[in-house]
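*Asks:* For reference, this is structure26.txt, and it has compact mmCIF, C-alpha atoms.
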# COMPACT_ATOMS: atom_id res chain seq x y z
CA GLN M 6 0.00 0.00 0.00
CA VAL M 7 1.51 3.27 -1.16
CA GLN M 8 1.73 5.91 1.57
CA LEU M 9 2.85 9.51 1.16
CA VAL M 10 2.84 11.54 4.37
CA GLU M 11 3.58 15.24 4.08
CA SER M 12 4.67 17.39 7.01
CA GLY M 13 6.42 20.64 7.83
CA GLY M 14 3.82 23.17 6.80
CA GLY M 15 2.68 26.05 8.93
CA LEU M 16 2.24 29.79 9.19
CA VAL M 17 5.23 31.87 8.13
CA GLN M 18 5.81 35.57 7.53
CA PRO M 19 6.63 36.89 4.06
CA GLY M 20 10.31 36.39 3.36
CA GLY M 21 10.49 33.40 5.67
CA SER M 22 11.41 29.79 5.04
CA LEU M 23 9.92 26.35 5.56
CA ARG M 24 11.12 22.84 4.87
CA LEU M 25 8.53 20.29 3.86
CA SER M 26 9.06 16.56 4.16
CA CYS M 27 7.28 13.64 2.54
CA ALA M 28 7.83 10.25 4.11
CA THR M 29 6.97 7.38 1.80
CA SER M 30 6.37 3.66 2.08
CA GLY M 31 4.80 0.79 0.22
CA PHE M 32 6.89 1.02 -2.94
CA THR M 33 10.51 0.95 -4.06
CA PHE M 34 11.40 4.60 -3.55
CA THR M 35 14.49 4.52 -5.75
CA ASP M 36 12.42 3.39 -8.75
CA TYR M 37 10.35 6.58 -8.87
CA HIS M 38 10.76 10.20 -9.73
CA MET M 39 9.09 12.34 -7.09
CA ALA M 40 7.32 15.68 -7.21
CA TRP M 41 5.76 18.38 -5.10
CA TYR M 42 2.45 19.94 -6.08
CA ARG M 43 0.37 22.66 -4.52
CA GLN M 44 -3.19 23.87 -4.69
CA ALA M 45 -4.39 27.24 -3.48
CA PRO M 46 -8.08 27.92 -2.76
CA GLY M 47 -9.98 28.40 -5.97
CA LYS M 48 -6.97 27.55 -8.11
CA GLU M 49 -5.88 24.53 -10.08
CA CYS M 50 -3.32 22.05 -8.89
CA GLU M 51 0.19 23.17 -9.85
CA LEU M 52 3.42 21.19 -10.25
CA VAL M 53 5.98 22.97 -8.09
CA ALA M 54 9.10 20.83 -8.39
CA ALA M 55 10.24 17.38 -9.45
CA ILE M 56 13.30 15.23 -8.96
CA THR M 57 14.52 12.14 -10.72
CA ASN M 58 14.75 8.81 -8.93
CA ALA M 59 18.53 9.13 -8.58
CA GLY M 60 18.26 12.72 -7.45
CA ASN M 61 20.56 13.96 -10.19
CA SER M 62 18.10 16.17 -12.03
CA THR M 63 15.43 18.59 -10.89
CA GLN M 64 12.88 20.91 -12.42
CA TYR M 65 10.87 23.79 -11.03
CA ALA M 66 7.87 25.90 -11.85
CA ASP M 67 8.93 29.36 -13.03
CA SER M 68 7.18 30.89 -10.03
CA VAL M 69 9.51 29.16 -7.54
CA LYS M 70 12.82 28.98 -9.41
CA GLY M 71 15.67 30.30 -7.33
CA ARG M 72 13.60 30.14 -4.13
CA PHE M 73 12.66 26.46 -3.71
CA ASN M 74 14.88 23.41 -3.68
CA ILE M 75 13.71 19.82 -4.00
CA SER M 76 15.88 17.01 -2.67
CA ARG M 77 15.56 13.40 -1.63
CA ASP M 78 17.17 10.95 0.75
CA ASN M 79 16.94 7.53 -0.83
CA GLY M 80 18.12 5.93 2.39
CA LYS M 81 15.15 7.38 4.28
CA ASN M 82 12.57 7.10 1.47
CA THR M 83 11.86 10.78 1.94
CA VAL M 84 11.60 13.76 -0.36
CA TYR M 85 12.00 17.35 0.81
CA LEU M 86 11.06 20.82 -0.37
CA GLN M 87 13.09 23.70 1.02
CA MET M 88 11.14 26.91 0.49
CA ASN M 89 12.83 30.28 0.91
CA SER M 90 11.75 33.89 0.36
CA LEU M 91 8.13 32.88 0.74
CA ASN M 92 5.38 35.25 -0.32
CA SER M 93 1.59 35.24 -0.16
CA ASP M 94 1.34 33.59 -3.58
CA ASP M 95 2.95 30.50 -2.06
CA THR M 96 0.01 29.98 0.29
CA ALA M 97 -1.48 26.60 -0.59
CA VAL M 98 -1.78 22.99 0.44
CA TYR M 99 1.35 21.17 -0.64
CA TYR M 100 1.36 17.55 -1.72
CA CYS M 101 4.05 15.13 -2.74
CA GLY M 102 3.45 12.53 -5.41
CA ASN M 103 4.76 10.24 -8.06
CA SER M 104 3.40 8.41 -11.08
CA MET M 105 1.34 6.13 -8.85
CA SER M 106 -0.58 8.97 -7.21
CA SER M 107 -2.89 11.67 -8.48
CA PRO M 108 -1.55 15.23 -8.23
CA CYS M 109 -2.82 17.18 -5.22
CA TRP M 110 -4.24 14.02 -3.67
CA GLY M 111 -3.98 12.96 -0.03
CA GLN M 112 -3.65 14.84 3.22
CA GLY M 113 -1.08 17.40 2.11
CA THR M 114 0.41 20.03 4.39
CA GLN M 115 -0.90 23.57 4.65
CA VAL M 116 1.50 26.46 4.04
CA THR M 117 0.22 29.91 4.89
CA VAL M 118 2.34 32.98 4.22
CA SER M 119 0.99 35.98 6.06
CA SER M 120 2.09 38.82 8.28
Could you write out this structure as structure tokens?
*Replies:*
Amino acid sequence: QVQLVESGGGLVQPGGSLRLSCATSGFTFTDYHMAWYRQAPGKECELVAAITNAGNSTQYADSVKGRFNISRDNGKNTVYLQMNSLNSDDTAVYYCGNSMSSPCWGQGTQVTVSS
């Protein structure tokens, strides 16, 4: 049974940072590329960042390039999203996923950027 458990969200002031984690189980982690998605109220699900299964290549949405960094620890079956210089447009529920899951599906973790 595939499990993706996101954590690390919270309330942060503009300009602040957060680090999201996604602990996984139920599949061979090193076989899958991983991604982070987000969905803000009233908006469509958006791909934020992705990383290859070996961790040697990444891609980012234009809106987060230079501010967010995706990484993974294949020994811990965990993928991370370091988010810096946060602004109100980053407020959303963040989800991790791979080809076995639907984007923006599951519990996610809420990120709220507000003063």
*Asks:* What's the 7 Å shell around Thr114 of chain M, counting all atoms listed in the file, without same-chain residues fewer than 3 positions away, as JSON, numbers by chain?
*Replies:* {"M": [11, 12, 13, 14, 98, 99, 100]}
*Asks:* Using only C-alpha atoms, which of M:Cys109, M:Val69, M:Ala45, M:Cys101 sits nearest Tyr85 of chain M?
*Replies:*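 Using only C-alpha atoms, the shortest distance to Tyr85 of chain M belongs to M:Cys101.
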*Asks:* Which residues of segment 19-69 of chain M come within 8 Å of segment 77-81 of chain M, and what is each one's closest atom pair and distance in Å (one decimal), counting all atoms listed in the file, sorted by chain and residue number, as a tab-separated table?
*Replies:*
residue	atom	partner	partner_atom	distance
M:Ala28	CA	M:Lys81	CA	7.9
M:Phe34	CA	M:Asn79	CA	6.8
M:Thr35	CA	M:Asn79	CA	6.3
M:Ile56	CA	M:Arg77	CA	7.9
M:Gly60	CA	M:Arg77	CA	6.5
*Asks:* With only C-alpha atoms as the counted atoms, please give the residues lying no more than 12 Å from Tyr65 of chain M, apart from itself and same-chain residues fewer than 3 positions off, as a PyMOL selection string.
*Replies:* chain M and resi 40-42+51-56+62+68-76+86+88
*Asks:* Work out how far atom CA of His38 of chain M is from atom CA of Gly113 of chain M, in Å to one decimal.
*Replies:*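 Atom CA of Gly113 of chain M sits 18.2 Å away from atom CA of His38 of chain M.
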*Asks:* I'd like the neighbourhood of Thr96 of chain M as a PyMOL selection string, where a residue qualifies if any of its atoms comes within 10 Å (using only C-alpha atoms), though same-chain residues fewer than 2 positions away should be ignored.
*Replies:* chain M and resi 15-17+43-46+91-94+98-99+115-119
*Asks:* Work out how far atom CA of Gly47 of chain M is from atom CA of Val7 of chain M, in Å to one decimal.
*Replies:*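 Atom CA of Gly47 of chain M lies 28.0 Å from atom CA of Val7 of chain M.
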